[in-house]
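This is start20.cif (mmCIF, C-alpha atoms).
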```cif
data_upload
#
loop_
_atom_site.group_PDB
_atom_site.id
_atom_site.type_symbol
_atom_site.label_atom_id
_atom_site.label_comp_id
_atom_site.auth_asym_id
_atom_site.auth_seq_id
_atom_site.Cartn_x
_atom_site.Cartn_y
_atom_site.Cartn_z
ATOM 1 C CA MET A 1 268.226 92.404 176.741
ATOM 2 C CA ALA A 2 271.844 91.271 176.185
ATOM 3 C CA ASN A 3 271.552 91.782 172.402
ATOM 4 C CA PHE A 4 270.218 95.293 172.975
ATOM 5 C CA LEU A 5 273.167 96.179 175.219
ATOM 6 C CA GLN A 6 275.666 94.682 172.769
ATOM 7 C CA LYS A 7 274.232 96.762 169.937
ATOM 8 C CA LEU A 8 274.021 99.862 172.108
ATOM 9 C CA LEU A 9 277.635 99.554 173.236
ATOM 10 C CA GLY A 10 278.840 98.614 169.754
ATOM 11 C CA MET A 11 280.010 95.176 170.832
ATOM 12 C CA GLU A 12 278.118 93.328 168.109
ATOM 13 C CA LYS A 13 279.675 93.535 164.675
ATOM 14 C CA ASN A 14 277.716 92.913 161.545
ATOM 15 C CA SER A 15 279.249 91.546 158.339
ATOM 16 C CA LYS A 16 279.783 95.073 156.996
ATOM 17 C CA ASP A 17 281.866 96.050 160.039
ATOM 18 C CA MET A 18 283.836 92.800 159.935
ATOM 19 C CA ALA A 19 284.621 93.319 156.227
ATOM 20 C CA LYS A 20 285.683 96.889 156.978
ATOM 21 C CA ASP A 21 288.036 95.647 159.725
ATOM 22 C CA ARG A 22 289.550 93.027 157.407
ATOM 23 C CA LEU A 23 290.123 95.673 154.730
ATOM 24 C CA LYS A 24 291.825 97.931 157.272
ATOM 25 C CA LEU A 25 294.126 95.063 158.240
ATOM 26 C CA VAL A 26 295.034 94.392 154.606
ATOM 27 C CA LEU A 27 295.773 98.082 154.008
ATOM 28 C CA ILE A 28 297.885 98.341 157.157
ATOM 29 C CA GLN A 29 299.881 95.237 156.232
ATOM 30 C CA ASP A 30 300.371 96.637 152.729
ATOM 31 C CA ARG A 31 301.601 100.005 154.042
ATOM 32 C CA ALA A 32 303.996 98.245 156.418
ATOM 33 C CA ASN A 33 305.168 96.095 153.494
ATOM 34 C CA MET A 34 304.467 92.972 155.566
ATOM 35 C CA SER A 35 302.859 89.971 153.901
ATOM 36 C CA PRO A 36 300.496 87.632 155.767
ATOM 37 C CA ASN A 37 303.241 84.973 155.543
ATOM 38 C CA MET A 38 305.715 87.301 157.221
ATOM 39 C CA LEU A 39 303.193 88.049 159.970
ATOM 40 C CA GLU A 40 302.731 84.292 160.507
ATOM 41 C CA ASP A 41 306.518 83.812 160.655
ATOM 42 C CA LEU A 42 306.689 86.586 163.237
ATOM 43 C CA ARG A 43 303.954 84.848 165.240
ATOM 44 C CA LYS A 44 305.944 81.585 165.218
ATOM 45 C CA ASP A 45 309.118 83.379 166.327
ATOM 46 C CA LEU A 46 307.231 85.120 169.126
ATOM 47 C CA ILE A 47 305.890 81.760 170.324
ATOM 48 C CA MET A 48 309.414 80.338 170.399
ATOM 49 C CA VAL A 49 310.823 83.270 172.398
ATOM 50 C CA ILE A 50 307.892 83.822 174.758
ATOM 51 C CA SER A 51 307.689 80.114 175.625
ATOM 52 C CA LYS A 52 311.152 80.415 177.228
ATOM 53 C CA TYR A 53 309.702 82.812 179.810
ATOM 54 C CA MET A 54 306.108 81.732 180.332
ATOM 55 C CA ASP A 55 303.454 79.150 179.653
ATOM 56 C CA PHE A 56 300.615 80.475 177.521
ATOM 57 C CA ASP A 57 297.807 79.446 175.206
ATOM 58 C CA GLU A 58 299.507 79.417 171.786
ATOM 59 C CA LYS A 59 296.238 78.935 169.914
ATOM 60 C CA ASN A 60 294.858 82.175 171.327
ATOM 61 C CA LEU A 61 298.016 84.232 170.845
ATOM 62 C CA ASP A 62 296.829 87.159 168.739
ATOM 63 C CA VAL A 63 299.276 89.095 166.542
ATOM 64 C CA GLN A 64 297.891 91.942 164.436
ATOM 65 C CA MET A 65 298.956 95.094 162.688
ATOM 66 C CA ALA A 66 297.076 98.267 163.599
ATOM 67 C CA GLU A 67 297.304 101.993 162.996
ATOM 68 C CA GLN A 68 297.280 104.657 165.656
ATOM 69 C CA ASP A 69 298.195 108.324 165.306
ATOM 70 C CA ASN A 70 299.507 107.720 161.764
ATOM 71 C CA MET A 71 301.862 105.018 163.027
ATOM 72 C CA THR A 72 301.804 101.329 162.206
ATOM 73 C CA MET A 73 301.639 99.301 165.407
ATOM 74 C CA LEU A 74 302.173 95.623 166.123
ATOM 75 C CA GLU A 75 299.596 94.431 168.647
ATOM 76 C CA VAL A 76 300.238 91.184 170.496
ATOM 77 C CA ASN A 77 297.808 89.689 172.988
ATOM 78 C CA ILE A 78 299.203 86.774 174.976
ATOM 79 C CA PRO A 79 296.948 84.679 177.226
ATOM 80 C CA ILE A 80 299.474 83.926 180.001
ATOM 81 C CA ALA A 81 298.953 80.807 182.128
ATOM 82 C CA ASN A 82 302.157 80.880 184.171
ATOM 83 C CA VAL A 83 305.417 82.846 184.371
ATOM 84 C CA LYS A 84 308.493 80.642 184.568
ATOM 85 C CA ARG A 85 310.679 81.695 187.487
ATOM 86 C CA ASN A 86 313.805 79.619 186.746
ATOM 87 C CA ILE A 87 315.013 80.382 183.248
ATOM 88 C CA ASN A 88 318.157 78.632 182.058
#
```

Once more with this new file: its structure as structure tokens, please.
Amino acid sequence: MANFLQKLLGMEKNSKDMAKDRLKLVLIQDRANMSPNMLEDLRKDLIMVISKYMDFDEKNLDVQMAEQDNMTMLEVNIPIANVKRNIN
């Protein structure tokens, strides 16, 4: 039953859809003139800055490029564990 609902709601991706998503990401990064290395450097810098203000799961920090309404967007998902109240 769960597999049926996942397929019905489009939550299950097959290899074709995953390849299509990867290609979109490559094209978006190319249009933004941002290499995968630059995106990784950005991720590291974000970790350094964000860690001053909160505790979070660095391994699950997700940084991606996306397109919306003909604009290139930077999407960052941060799994926050705790906000630091005393920042010095």

Interatomic distance, atom CA of Ala81 of chain A to atom CA of Met65 of chain A (Å, one decimal)
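These two atoms are separated by 24.1 Å.
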
Give me, as a ChimeraX atom specification, all polymer residues having an atom no more than 10 Å from Glu58 of chain A, counting only C-alpha atoms and skipping those fewer than 5 positions away in the same chain.
/A:43-44,46-47,50-51,78-80

Can you write just those residues out, C-alpha atoms, as an mmCIF file, in the frame of the given file?
```
data_model
loop_
_atom_site.group_PDB
_atom_site.id
_atom_site.type_symbol
_atom_site.label_atom_id
_atom_site.label_comp_id
_atom_site.auth_asym_id
_atom_site.auth_seq_id
_atom_site.Cartn_x
_atom_site.Cartn_y
_atom_site.Cartn_z
ATOM 1 C CA ARG A 43 303.954 84.848 165.240
ATOM 2 C CA LYS A 44 305.944 81.585 165.218
ATOM 3 C CA LEU A 46 307.231 85.120 169.126
ATOM 4 C CA ILE A 47 305.890 81.760 170.324
ATOM 5 C CA ILE A 50 307.892 83.822 174.758
ATOM 6 C CA SER A 51 307.689 80.114 175.625
ATOM 7 C CA ILE A 78 299.203 86.774 174.976
ATOM 8 C CA PRO A 79 296.948 84.679 177.226
ATOM 9 C CA ILE A 80 299.474 83.926 180.001
#
```

Please evaluate the PyMOL selection byres ((chain A and resi 74) around 8) against the structure above and give the resulting residues as a list in words.
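Taken over the shown coordinates, the PyMOL selection byres ((chain A and resi 74) around 8) returns Val63, Gln64, Met65, Ala66, Thr72, Met73, Glu75 and Val76 of chain A.
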
Written selection (C-alpha atoms) as a CSV table (one decimal), in the coordinates of the input:
```csv
chain,number,residue,atom,x,y,z
A,63,VAL,CA,299.3,89.1,166.5
A,64,GLN,CA,297.9,91.9,164.4
A,65,MET,CA,299.0,95.1,162.7
A,66,ALA,CA,297.1,98.3,163.6
A,72,THR,CA,301.8,101.3,162.2
A,73,MET,CA,301.6,99.3,165.4
A,75,GLU,CA,299.6,94.4,168.6
A,76,VAL,CA,300.2,91.2,170.5
```

What is the atom CA of Asp57 of chain A to atom CA of Lys20 of chain A distance in Å?
28.0 Å

Determine the residue set returned by the PyMOL selection byres ((chain A and resi 87) around 8) for the present structure, and present it as a ChimeraX atom specification.
/A:52-53,84-86,88

Quick check, in Å to one decimal: how far apart do atom CA of Gln68 of chain A and atom CA of Val49 of chain A lie?
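Those two atoms sit 26.2 Å apart.
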
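Across A:Asp41, A:Asn82, A:Ser35, A:Asp69, the tightest approach to Met54 of chain A is made by A:Asn82 when counting all atoms listed in the file.
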
Closest of A:Asn77, A:Val83, A:Lys16, A:Asp62 to Leu39 of chain A - atom-to-atom distances counting only C-alpha atoms:
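Going through A:Asn77, A:Val83, A:Lys16, A:Asp62 one by one, the smallest distance to Leu39 of chain A is for A:Asp62.
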